[in-house]
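Participant: Take a look at protein33.cif, mmCIF, C-alpha atoms:
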data_work
loop_
_atom_site.group_PDB
_atom_site.id
_atom_site.type_symbol
_atom_site.label_atom_id
_atom_site.label_comp_id
_atom_site.auth_asym_id
_atom_site.auth_seq_id
_atom_site.Cartn_x
_atom_site.Cartn_y
_atom_site.Cartn_z
ATOM 1 C CA MET D 1 0.000 0.000 0.000
ATOM 2 C CA ILE D 2 1.205 3.512 -0.818
ATOM 3 C CA LYS D 3 0.665 6.007 1.990
ATOM 4 C CA ILE D 4 0.497 9.607 0.778
ATOM 5 C CA VAL D 5 1.535 12.222 3.299
ATOM 6 C CA THR D 6 1.577 16.007 3.166
ATOM 7 C CA ASP D 7 1.670 18.973 5.532
ATOM 8 C CA SER D 8 -1.175 21.232 6.626
ATOM 9 C CA VAL D 9 0.176 24.139 4.551
ATOM 10 C CA ALA D 10 -1.216 22.369 1.456
ATOM 11 C CA SER D 11 -4.597 23.690 2.677
ATOM 12 C CA ILE D 12 -6.466 20.501 1.753
ATOM 13 C CA PRO D 13 -9.960 20.493 3.325
ATOM 14 C CA ALA D 14 -10.264 17.828 6.033
ATOM 15 C CA GLU D 15 -13.083 16.037 4.238
ATOM 16 C CA VAL D 16 -10.996 15.791 1.058
ATOM 17 C CA ALA D 17 -7.984 14.454 2.972
ATOM 18 C CA GLN D 18 -10.179 11.813 4.580
ATOM 19 C CA ALA D 19 -11.896 10.812 1.332
ATOM 20 C CA ARG D 20 -8.593 10.567 -0.577
ATOM 21 C CA ASP D 21 -6.732 8.789 2.266
ATOM 22 C CA ILE D 22 -4.155 11.544 2.706
ATOM 23 C CA GLU D 23 -2.282 11.800 6.011
ATOM 24 C CA VAL D 24 -1.758 15.439 6.989
ATOM 25 C CA VAL D 25 1.103 16.415 9.290
ATOM 26 C CA SER D 26 0.314 19.670 11.051
ATOM 27 C CA LEU D 27 2.453 22.766 11.357
ATOM 28 C CA PHE D 28 1.801 25.189 14.217
ATOM 29 C CA VAL D 29 0.751 28.783 14.755
ATOM 30 C CA ASN D 30 2.138 30.511 17.853
ATOM 31 C CA GLN D 31 0.072 33.414 19.172
ATOM 32 C CA ASP D 32 0.262 35.253 22.500
ATOM 33 C CA GLY D 33 2.310 32.513 24.119
ATOM 34 C CA ARG D 34 0.071 29.657 22.963
ATOM 35 C CA GLU D 35 0.739 27.060 20.280
ATOM 36 C CA TYR D 36 -2.069 25.898 17.978
ATOM 37 C CA ARG D 37 -2.042 22.867 15.684
ATOM 38 C CA GLU D 38 -2.906 24.315 12.302
ATOM 39 C CA ALA D 39 -4.839 21.184 11.309
ATOM 40 C CA ASP D 40 -7.207 21.687 14.267
ATOM 41 C CA MET D 41 -7.811 25.414 13.857
ATOM 42 C CA ASP D 42 -11.096 27.039 12.859
ATOM 43 C CA VAL D 43 -9.409 28.980 10.073
ATOM 44 C CA ASN D 44 -12.261 31.358 9.334
ATOM 45 C CA ALA D 45 -12.616 32.245 13.023
ATOM 46 C CA PHE D 46 -8.869 32.886 13.218
ATOM 47 C CA TYR D 47 -8.957 35.075 10.117
ATOM 48 C CA GLU D 48 -11.763 37.236 11.508
ATOM 49 C CA GLY D 49 -9.155 38.967 13.657
ATOM 50 C CA ILE D 50 -6.117 38.872 11.393
ATOM 51 C CA ALA D 51 -6.160 42.575 10.484
ATOM 52 C CA GLY D 52 -5.664 43.427 14.159
ATOM 53 C CA MET D 53 -2.622 41.170 14.486
ATOM 54 C CA ILE D 54 -0.300 43.435 12.539
ATOM 55 C CA ASP D 55 1.319 44.977 15.646
ATOM 56 C CA ASN D 56 2.003 41.537 17.127
ATOM 57 C CA PRO D 57 1.891 39.007 14.263
ATOM 58 C CA PRO D 58 1.763 35.317 15.189
ATOM 59 C CA THR D 59 4.699 33.117 14.289
ATOM 60 C CA SER D 60 4.758 29.607 12.907
ATOM 61 C CA SER D 61 6.719 26.415 13.507
ATOM 62 C CA GLN D 62 7.212 23.094 11.762
ATOM 63 C CA PRO D 63 6.449 19.528 12.945
ATOM 64 C CA SER D 64 8.873 18.022 15.425
ATOM 65 C CA GLN D 65 11.384 15.372 14.426
ATOM 66 C CA HIS D 66 9.605 12.946 16.779
ATOM 67 C CA VAL D 67 6.275 13.394 14.975
ATOM 68 C CA LEU D 68 7.862 12.794 11.585
ATOM 69 C CA GLU D 69 9.864 9.771 12.709
ATOM 70 C CA THR D 70 6.759 8.247 14.304
ATOM 71 C CA LEU D 71 4.918 8.585 11.002
ATOM 72 C CA PHE D 72 7.667 6.763 9.093
ATOM 73 C CA GLU D 73 8.008 4.101 11.803
ATOM 74 C CA ARG D 74 4.288 3.283 11.516
ATOM 75 C CA ALA D 75 4.644 2.947 7.758
ATOM 76 C CA ALA D 76 7.674 0.676 8.099
ATOM 77 C CA GLU D 77 5.857 -1.544 10.593
ATOM 78 C CA ALA D 78 2.862 -1.827 8.259
ATOM 79 C CA ALA D 79 5.161 -2.462 5.257
ATOM 80 C CA ASP D 80 3.635 0.566 3.540
ATOM 81 C CA GLU D 81 5.470 2.575 0.923
ATOM 82 C CA VAL D 82 5.410 6.311 1.634
ATOM 83 C CA LEU D 83 5.140 9.254 -0.712
ATOM 84 C CA GLY D 84 5.583 12.527 1.182
ATOM 85 C CA ILE D 85 4.847 15.834 -0.556
ATOM 86 C CA PHE D 86 5.803 18.922 1.439
ATOM 87 C CA MET D 87 5.924 22.700 1.142
ATOM 88 C CA SER D 88 8.861 24.533 -0.411
ATOM 89 C CA SER D 89 12.138 23.701 1.297
ATOM 90 C CA LYS D 90 13.138 27.373 0.962
ATOM 91 C CA MET D 91 10.067 28.513 2.895
ATOM 92 C CA SER D 92 10.192 26.007 5.754
ATOM 93 C CA GLY D 93 12.407 23.329 7.237
ATOM 94 C CA THR D 94 9.555 20.800 7.038
ATOM 95 C CA PHE D 95 10.881 19.028 3.928
ATOM 96 C CA GLU D 96 14.401 18.772 5.337
ATOM 97 C CA GLY D 97 12.940 17.536 8.622
ATOM 98 C CA ALA D 98 11.078 14.814 6.735
ATOM 99 C CA VAL D 99 14.285 13.831 4.919
ATOM 100 C CA ARG D 100 16.163 13.520 8.241
ATOM 101 C CA ALA D 101 13.318 11.533 9.804
ATOM 102 C CA ALA D 102 13.032 9.136 6.861
ATOM 103 C CA ARG D 103 16.801 8.588 6.856
ATOM 104 C CA ALA D 104 16.828 7.867 10.588
ATOM 105 C CA VAL D 105 13.927 5.418 10.405
ATOM 106 C CA GLY D 106 15.370 3.760 7.298
ATOM 107 C CA GLU D 107 18.671 3.189 9.087
ATOM 108 C CA ARG D 108 16.908 1.752 12.151
ATOM 109 C CA CYS D 109 14.332 -0.375 10.354
ATOM 110 C CA GLY D 110 16.192 -1.234 7.188
ATOM 111 C CA HIS D 111 13.024 -1.821 5.141
ATOM 112 C CA LEU D 112 11.392 1.574 4.747
ATOM 113 C CA ARG D 113 10.634 2.509 1.125
ATOM 114 C CA CYS D 114 9.949 6.206 0.982
ATOM 115 C CA THR D 115 10.040 8.962 -1.627
ATOM 116 C CA LEU D 116 9.780 12.625 -0.643
ATOM 117 C CA VAL D 117 8.846 15.400 -3.080
ATOM 118 C CA ASP D 118 9.574 19.076 -2.543
ATOM 119 C CA SER D 119 6.493 20.837 -3.963
ATOM 120 C CA THR D 120 8.570 24.065 -4.239
ATOM 121 C CA SER D 121 5.454 25.992 -3.172
ATOM 122 C CA ASN D 122 2.519 25.947 -0.750
ATOM 123 C CA CYS D 123 -1.288 26.085 -0.474
ATOM 124 C CA GLY D 124 -3.222 25.098 -3.623
ATOM 125 C CA ASP D 125 0.008 24.882 -5.592
ATOM 126 C CA GLU D 126 1.149 22.145 -3.208
ATOM 127 C CA MET D 127 -2.331 20.616 -2.973
ATOM 128 C CA PHE D 128 -2.474 19.820 -6.681
ATOM 129 C CA ALA D 129 0.710 17.738 -6.504
ATOM 130 C CA VAL D 130 -0.838 15.738 -3.662
ATOM 131 C CA LEU D 131 -4.132 15.189 -5.498
ATOM 132 C CA ASP D 132 -2.382 14.114 -8.704
ATOM 133 C CA ALA D 133 -0.316 11.628 -6.708
ATOM 134 C CA CYS D 134 -3.562 10.273 -5.210
ATOM 135 C CA ASP D 135 -5.043 9.905 -8.693
ATOM 136 C CA ALA D 136 -1.965 7.971 -9.809
ATOM 137 C CA ARG D 137 -2.083 5.711 -6.735
ATOM 138 C CA ASP D 138 -5.782 5.017 -7.228
ATOM 139 C CA ALA D 139 -5.137 4.196 -10.892
ATOM 140 C CA GLY D 140 -2.689 1.500 -9.811
ATOM 141 C CA GLU D 141 0.638 3.313 -10.266
ATOM 142 C CA GLY D 142 3.571 2.331 -8.095
ATOM 143 C CA LEU D 143 5.591 4.640 -5.877
ATOM 144 C CA ASP D 144 7.748 5.957 -8.738
ATOM 145 C CA GLY D 145 4.686 6.665 -10.880
ATOM 146 C CA CYS D 146 2.978 8.538 -8.060
ATOM 147 C CA ALA D 147 6.100 10.632 -7.491
ATOM 148 C CA ARG D 148 6.239 11.455 -11.217
ATOM 149 C CA ALA D 149 2.613 12.582 -11.113
ATOM 150 C CA ALA D 150 3.490 14.920 -8.250
ATOM 151 C CA THR D 151 6.531 16.434 -9.939
ATOM 152 C CA ASP D 152 4.592 16.850 -13.195
ATOM 153 C CA ALA D 153 1.965 18.803 -11.232
ATOM 154 C CA VAL D 154 4.647 21.048 -9.727
ATOM 155 C CA ALA D 155 5.801 22.083 -13.194
ATOM 156 C CA ALA D 156 2.253 22.623 -14.476
ATOM 157 C CA SER D 157 0.780 24.661 -11.628
ATOM 158 C CA ARG D 158 0.780 28.317 -10.647
ATOM 159 C CA PHE D 159 -0.107 30.281 -7.484
ATOM 160 C CA VAL D 160 -0.846 33.960 -8.050
ATOM 161 C CA PHE D 161 -1.888 36.143 -5.109
ATOM 162 C CA ALA D 162 -2.047 39.712 -3.899
ATOM 163 C CA PRO D 163 -1.966 41.041 -0.318
ATOM 164 C CA GLU D 164 -4.341 43.903 0.441
ATOM 165 C CA SER D 165 -1.378 45.777 1.923
ATOM 166 C CA LEU D 166 2.350 45.253 2.395
ATOM 167 C CA ALA D 167 2.184 45.634 6.182
ATOM 168 C CA PHE D 168 2.470 41.943 7.150
ATOM 169 C CA LEU D 169 5.235 41.283 4.638
ATOM 170 C CA LYS D 170 7.112 44.259 6.069
ATOM 171 C CA ALA D 171 6.541 43.124 9.661
ATOM 172 C CA GLY D 172 7.903 39.700 8.776
ATOM 173 C CA GLY D 173 11.013 41.182 7.196
ATOM 174 C CA ARG D 174 10.109 40.052 3.691
ATOM 175 C CA ILE D 175 10.286 43.582 2.261
ATOM 176 C CA GLY D 176 12.002 46.721 3.464
ATOM 177 C CA GLY D 177 10.279 49.662 5.097
ATOM 178 C CA ALA D 178 10.881 51.881 2.069
ATOM 179 C CA SER D 179 9.126 49.420 -0.238
ATOM 180 C CA ALA D 180 6.123 49.174 2.067
ATOM 181 C CA LEU D 181 5.882 52.953 2.386
ATOM 182 C CA LEU D 182 6.117 53.382 -1.374
ATOM 183 C CA GLY D 183 3.385 50.830 -1.917
ATOM 184 C CA GLY D 184 1.094 52.567 0.559
ATOM 185 C CA LEU D 185 1.659 56.060 -0.781
ATOM 186 C CA LEU D 186 1.231 55.152 -4.432
ATOM 187 C CA GLN D 187 -1.466 52.516 -3.873
ATOM 188 C CA ILE D 188 0.774 49.990 -5.566
ATOM 189 C CA SER D 189 -0.388 46.430 -5.020
ATOM 190 C CA PRO D 190 2.080 43.715 -5.998
ATOM 191 C CA VAL D 191 0.851 40.597 -7.770
ATOM 192 C CA LEU D 192 2.991 37.779 -6.367
ATOM 193 C CA THR D 193 3.681 34.238 -7.492
ATOM 194 C CA VAL D 194 5.872 31.306 -6.463
ATOM 195 C CA ALA D 195 8.565 30.090 -8.847
ATOM 196 C CA ASP D 196 11.703 28.022 -8.209
ATOM 197 C CA TRP D 197 10.864 27.570 -4.525
ATOM 198 C CA GLU D 198 10.444 31.263 -3.661
ATOM 199 C CA THR D 199 7.941 34.120 -3.764
ATOM 200 C CA SER D 200 8.555 36.647 -6.512
ATOM 201 C CA THR D 201 6.795 39.683 -7.954
ATOM 202 C CA LEU D 202 4.810 38.955 -11.097
ATOM 203 C CA ALA D 203 3.489 42.500 -11.595
ATOM 204 C CA LYS D 204 3.038 45.821 -9.799
ATOM 205 C CA VAL D 205 -0.426 47.281 -10.281
ATOM 206 C CA ARG D 206 -1.969 50.502 -8.991
ATOM 207 C CA THR D 207 -5.302 50.069 -7.128
ATOM 208 C CA TRP D 208 -6.858 46.879 -5.797
ATOM 209 C CA LYS D 209 -9.444 46.670 -8.597
ATOM 210 C CA LYS D 210 -6.697 46.564 -11.224
ATOM 211 C CA THR D 211 -4.807 43.998 -9.176
ATOM 212 C CA LEU D 212 -7.739 41.580 -9.216
ATOM 213 C CA ALA D 213 -8.177 42.184 -12.940
ATOM 214 C CA ARG D 214 -4.472 41.486 -13.575
ATOM 215 C CA MET D 215 -4.604 38.180 -11.709
ATOM 216 C CA ALA D 216 -7.675 37.131 -13.699
ATOM 217 C CA ASP D 217 -5.865 38.070 -16.921
ATOM 218 C CA VAL D 218 -2.815 35.963 -15.996
ATOM 219 C CA PHE D 219 -5.098 33.009 -15.282
ATOM 220 C CA LYS D 220 -6.931 33.431 -18.600
ATOM 221 C CA GLU D 221 -3.732 33.785 -20.626
ATOM 222 C CA GLU D 222 -2.117 30.688 -19.159
ATOM 223 C CA ILE D 223 -5.092 28.336 -19.321
ATOM 224 C CA GLU D 224 -5.716 29.392 -22.926
ATOM 225 C CA ALA D 225 -2.122 28.489 -23.702
ATOM 226 C CA PHE D 226 -1.660 25.398 -21.536
ATOM 227 C CA GLY D 227 -5.131 24.071 -20.676
ATOM 228 C CA LEU D 228 -6.824 23.790 -17.278
ATOM 229 C CA LYS D 229 -6.889 20.784 -14.979
ATOM 230 C CA ARG D 230 -7.607 22.168 -11.491
ATOM 231 C CA VAL D 231 -8.306 25.578 -9.982
ATOM 232 C CA VAL D 232 -9.072 27.019 -6.546
ATOM 233 C CA VAL D 233 -9.477 30.592 -5.336
ATOM 234 C CA HIS D 234 -7.752 31.331 -2.024
ATOM 235 C CA TYR D 235 -8.200 33.991 0.628
ATOM 236 C CA ILE D 236 -6.661 35.260 3.842
ATOM 237 C CA GLY D 237 -9.023 37.264 6.053
ATOM 238 C CA SER D 238 -12.615 37.675 4.884
ATOM 239 C CA ALA D 239 -13.928 35.140 2.385
ATOM 240 C CA ALA D 240 -16.437 37.567 0.837
ATOM 241 C CA PRO D 241 -14.088 39.387 -1.606
ATOM 242 C CA ALA D 242 -12.654 36.084 -2.813
ATOM 243 C CA VAL D 243 -16.097 34.566 -3.330
ATOM 244 C CA LYS D 244 -17.241 37.623 -5.301
ATOM 245 C CA TRP D 245 -14.090 37.579 -7.438
ATOM 246 C CA ALA D 246 -14.383 33.834 -8.056
ATOM 247 C CA ARG D 247 -18.000 34.089 -9.201
ATOM 248 C CA GLU D 248 -17.619 37.224 -11.322
ATOM 249 C CA ALA D 249 -14.109 36.944 -12.795
ATOM 250 C CA ILE D 250 -12.802 33.382 -12.504
ATOM 251 C CA GLU D 251 -15.721 31.014 -13.071
ATOM 252 C CA PRO D 252 -16.673 32.581 -16.451
ATOM 253 C CA VAL D 253 -13.096 32.006 -17.633
ATOM 254 C CA ALA D 254 -12.759 28.531 -16.107
ATOM 255 C CA GLY D 255 -16.155 27.437 -17.395
ATOM 256 C CA ARG D 256 -16.868 25.612 -14.150
ATOM 257 C CA ALA D 257 -17.645 26.139 -10.475
ATOM 258 C CA VAL D 258 -14.539 27.059 -8.481
ATOM 259 C CA ASP D 259 -13.894 26.173 -4.844
ATOM 260 C CA VAL D 260 -12.995 29.101 -2.581
ATOM 261 C CA LEU D 261 -10.723 27.988 0.262
ATOM 262 C CA PRO D 262 -8.798 29.716 3.055
ATOM 263 C CA VAL D 263 -5.026 29.733 2.878
ATOM 264 C CA SER D 264 -3.126 27.875 5.571
ATOM 265 C CA PRO D 265 -2.759 30.156 8.645
ATOM 266 C CA VAL D 266 0.978 29.384 8.651
ATOM 267 C CA ILE D 267 1.143 31.247 5.345
ATOM 268 C CA GLY D 268 -1.586 33.732 6.241
ATOM 269 C CA VAL D 269 0.222 35.179 9.257
ATOM 270 C CA HIS D 270 3.148 36.162 7.026
ATOM 271 C CA VAL D 271 1.069 37.675 4.194
ATOM 272 C CA GLY D 272 -1.957 39.243 5.895
ATOM 273 C CA PRO D 273 -5.353 39.751 4.229
ATOM 274 C CA ALA D 274 -5.118 38.652 0.595
ATOM 275 C CA VAL D 275 -6.861 37.080 -2.382
ATOM 276 C CA GLY D 276 -5.274 34.638 -4.794
ATOM 277 C CA ILE D 277 -5.750 31.832 -7.260
ATOM 278 C CA ALA D 278 -3.976 28.511 -7.662
ATOM 279 C CA TYR D 279 -4.412 26.512 -10.828
ATOM 280 C CA GLU D 280 -2.916 23.511 -12.542
ATOM 281 C CA CYS D 281 -2.587 23.440 -16.299
ATOM 282 C CA GLU D 282 -2.593 20.367 -18.510
ATOM 283 C CA ARG D 283 0.964 21.135 -19.626
ATOM 284 C CA PRO D 284 4.015 22.689 -17.900
ATOM 285 C CA VAL D 285 3.833 26.423 -17.244
ATOM 286 C CA PRO D 286 6.947 28.288 -18.463
ATOM 287 C CA GLY D 287 8.857 30.009 -15.693
ATOM 288 C CA LYS D 288 7.417 27.928 -12.861
ATOM 289 C CA LEU D 289 10.351 25.577 -12.440
ATOM 290 C CA ALA D 290 13.813 25.814 -13.964
ATOM 291 C CA ALA D 291 15.249 22.819 -12.107
ATOM 292 C CA PRO D 292 14.901 19.217 -13.387
ATOM 293 C CA ALA D 293 12.359 17.014 -11.610
ATOM 294 C CA SER D 294 15.175 14.968 -10.085
ATOM 295 C CA GLU D 295 16.075 17.927 -7.849
ATOM 296 C CA LEU D 296 12.634 17.773 -6.219
ATOM 297 C CA VAL D 297 12.866 14.151 -5.117
ATOM 298 C CA PHE D 298 14.613 12.343 -2.252
ATOM 299 C CA SER D 299 14.315 8.573 -1.872
ATOM 300 C CA VAL D 300 15.100 6.228 1.018
#
What does the file become when written as structure tokens?

Facilitator:
Amino acid sequence: MIKIVTDSVASIPAEVAQARDIEVVSLFVNQDGREYREADMDVNAFYEGIAGMIDNPPTSSQPSQHVLETLFERAAEAADEVLGIFMSSKMSGTFEGAVRAARAVGERCGHLRCTLVDSTSNCGDEMFAVLDACDARDAGEGLDGCARAATDAVAASRFVFAPESLAFLKAGGRIGGASALLGGLLQISPVLTVADWETSTLAKVRTWKKTLARMADVFKEEIEAFGLKRVVVHYIGSAAPAVKWAREAIEPVAGRAVDVLPVSPVIGVHVGPAVGIAYECERPVPGKLAAPASELVFSV
């Protein structure tokens, strides 16, 4: 049996994880001296107060080595093969922690067969790699085939998002004070994406209305060129703007109903209120991944 594992940053709804037999390892949000398992959080309730967290933003932390080793030990005992798909190794130590844990368990047990895939991203972008791996498993593919499905999804997907302000990114040290001030004064709203493991600026647009329009245009251009397999609209903060945008701007282009899902709080606390879209094309998206697929995979 192939056990598919991911982290909570993939933002997979609990009912989907259960239906697709996906094991989710939780990251943590640390707020006011308390630690919360992300997988157990009421995300919408948490996001109701996110705008007021700017002066004291929560922090986040990854799963412990003990939790990860326990997961791999259970798989070894059950003679399961494991495919782990985790968030970008340049955004968190979770992937490297999983590599260390799998190595340690493999050395102790001697019969663990495990492949780990670095999704190079997070949220829906990561989710699609997990779901494609599940599809491959359910179609009878072996561990190598499931890993290929995941890496193919990484190359064919895109996450485009825009924060309502630059305040949280500034507070987290992801942009300088001058850049945040400039954005506020000129009403410049960056359109961001994830490529080659890291967040980068896709466009700089003046006014929020034009920002939403630019993201919809990017989506339309790429699915016309490369086809559409999966799509989800994401939000941090209030769901209402994302729902409105999905219904008015995204669904007419996609030609289908589009799920609107909250972003993982571990990501949300670093970005602040935002709207975005993650989509997977039928063919690789240029500029998403320069590295060969082999650089995304670690096997035990």

Participant: How many Å separate atom CA of Val266 of chain D from atom CA of Gln18 of chain D?

Facilitator: 21.2 Å

Participant: Would you mind reading off the distance between atom CA of Ser165 of chain D and atom CA of Asp118 of chain D, one decimal, in Å?

Facilitator: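 Taking atom CA of Ser165 of chain D as the start and atom CA of Asp118 of chain D as the end point, the length is 29.2 Å.
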
Participant: Select, from D:Pro241, D:Gly268, D:Pro252, D:Pro190, the residue with the minimum atom-to-atom distance to Lys220 of chain D, counting only C-alpha atoms.

Facilitator: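 Looking only at the distances to Lys220 of chain D, the closest residue turns out to be D:Pro252.
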
Participant: Under the rule that all atoms listed in the file are counted, which of D:Glu251, D:Glu280, D:Asp135, D:Asp40 is the nearest residue to Phe159 of chain D?

Facilitator: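 Looking only at the distances to Phe159 of chain D, the closest residue turns out to be D:Glu280.
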
Participant: Convert the output of the PyMOL selection byres ((chain D and resi 291) around 12) on the shown file into explicit residues, formatted as number ranges by chain.

Facilitator: D: 118, 120, 151, 154-155, 195-197, 286-290, 292-297

Participant: Quick one: axis-aligned box around all listed atoms of segment 278-283 of chain D, 3 Å on every side, centre and edge lengths in Å to one decimal, written as lines of an AutoDock Vina configuration file.

Facilitator:
center_x = -1.7
center_y = 24.4
center_z = -13.6
size_x = 11.4
size_y = 14.1
size_z = 18.0

Participant: Pick the closest to Ser26 of chain D from D:Ala167, D:Pro265, D:Ala274, D:Gly124: which is it, counting all atoms listed in the file?

Facilitator: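 Checking each candidate against Ser26 of chain D, we get D:Pro265 as the closest.
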
Participant: Starting from the PyMOL selection byres ((chain D and resi 93) around 12), expand the selection into actual residues of this file and give them as a list in words.

Facilitator: Asp7, Leu27, Ser60, Ser61, Gln62, Pro63, Ser64, Gln65, Phe86, Met87, Ser88, Ser89, Lys90, Met91, Ser92, Thr94, Phe95, Glu96, Gly97, Ala98, Val99, Arg100 and Asp118 of chain D

Participant: One decimal, Å: what's the distance from atom CA of Trp245 of chain D over to atom CA of Pro57 of chain D, could you say?

Facilitator: 27.0 Å

Participant: With distances taken over only C-alpha atoms, which of D:Trp208, D:Tyr36, D:Phe226, D:Phe72 is nearest to Lys3 of chain D?

Facilitator: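 Ranking D:Trp208, D:Tyr36, D:Phe226, D:Phe72 by distance to Lys3 of chain D, first place goes to D:Phe72.
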
Participant: Report as a PyMOL selection string all protein, DNA and RNA residues lying within 7 Å of Gly227 of chain D, evaluated on all atoms listed in the file, omitting residues in the same chain fewer than 4 positions from it.

Facilitator: chain D and resi 223+281-283

Participant: Select, from D:Ser189, D:Thr70, D:Thr207, D:Ser299, the residue with the minimum atom-to-atom distance to Ala101 of chain D, counting all atoms listed in the file.

Facilitator: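 Result for the nearest residue to Ala101 of chain D: D:Thr70.
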
Participant: Name the residues captured by the PyMOL selection byres ((chain D and resi 229) around 12) when it is applied to the shown file; answer as a PyMOL selection string.

Facilitator: chain D and resi 128-129+131-132+153+156-158+222-224+226-228+230-232+254-256+258+278-284

Participant: Between D:Ala162, D:Ile54, D:Cys114, D:Ala225, single out the one closest to Ala75 of chain D, counting all atoms listed in the file.

Facilitator: D:Cys114

Participant: Could you pull out every residue with an atom within 9 Å of (-10.9, 30.9, 2.3), file coordinates, counting all atoms listed in the file, and send them as a compact mmCIF listing (two decimals) with C-alpha atoms, in the frame of the given file?

Facilitator:
# COMPACT_ATOMS: atom_id res chain seq x y z
CA VAL D 43 -9.41 28.98 10.07
CA ASN D 44 -12.26 31.36 9.33
CA VAL D 233 -9.48 30.59 -5.34
CA HIS D 234 -7.75 31.33 -2.02
CA TYR D 235 -8.20 33.99 0.63
CA ILE D 236 -6.66 35.26 3.84
CA GLY D 237 -9.02 37.26 6.05
CA SER D 238 -12.62 37.67 4.88
CA ALA D 239 -13.93 35.14 2.38
CA ALA D 240 -16.44 37.57 0.84
CA ALA D 242 -12.65 36.08 -2.81
CA VAL D 243 -16.10 34.57 -3.33
CA VAL D 260 -13.00 29.10 -2.58
CA LEU D 261 -10.72 27.99 0.26
CA PRO D 262 -8.80 29.72 3.06
CA VAL D 263 -5.03 29.73 2.88
CA SER D 264 -3.13 27.88 5.57
CA VAL D 275 -6.86 37.08 -2.38

Participant: Hey, can you pull every residue with an atom no more than 6 Å from (-8.1, 37.1, -16.3), using only C-alpha atoms, and send it as a PyMOL selection string?

Facilitator: chain D and resi 215-220

Participant: Do a neighbour search on His111 of chain D at 12 Å with all atoms listed in the file, toss out local chain neighbours closer than 6 positions, and write the hits as a PyMOL selection string.

Facilitator: chain D and resi 72-82+102-105+300

Participant: Emit the selected residues as an mmCIF file, in the frame of the given file, including C-alpha atoms.

Facilitator:
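Dumped to again-v7.cif:
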data_model
loop_
_atom_site.group_PDB
_atom_site.id
_atom_site.type_symbol
_atom_site.label_atom_id
_atom_site.label_comp_id
_atom_site.auth_asym_id
_atom_site.auth_seq_id
_atom_site.Cartn_x
_atom_site.Cartn_y
_atom_site.Cartn_z
ATOM 1 C CA PHE D 72 7.667 6.763 9.093
ATOM 2 C CA GLU D 73 8.008 4.101 11.803
ATOM 3 C CA ARG D 74 4.288 3.283 11.516
ATOM 4 C CA ALA D 75 4.644 2.947 7.758
ATOM 5 C CA ALA D 76 7.674 0.676 8.099
ATOM 6 C CA GLU D 77 5.857 -1.544 10.593
ATOM 7 C CA ALA D 78 2.862 -1.827 8.259
ATOM 8 C CA ALA D 79 5.161 -2.462 5.257
ATOM 9 C CA ASP D 80 3.635 0.566 3.540
ATOM 10 C CA GLU D 81 5.470 2.575 0.923
ATOM 11 C CA VAL D 82 5.410 6.311 1.634
ATOM 12 C CA ALA D 102 13.032 9.136 6.861
ATOM 13 C CA ARG D 103 16.801 8.588 6.856
ATOM 14 C CA ALA D 104 16.828 7.867 10.588
ATOM 15 C CA VAL D 105 13.927 5.418 10.405
ATOM 16 C CA VAL D 300 15.100 6.228 1.018
#
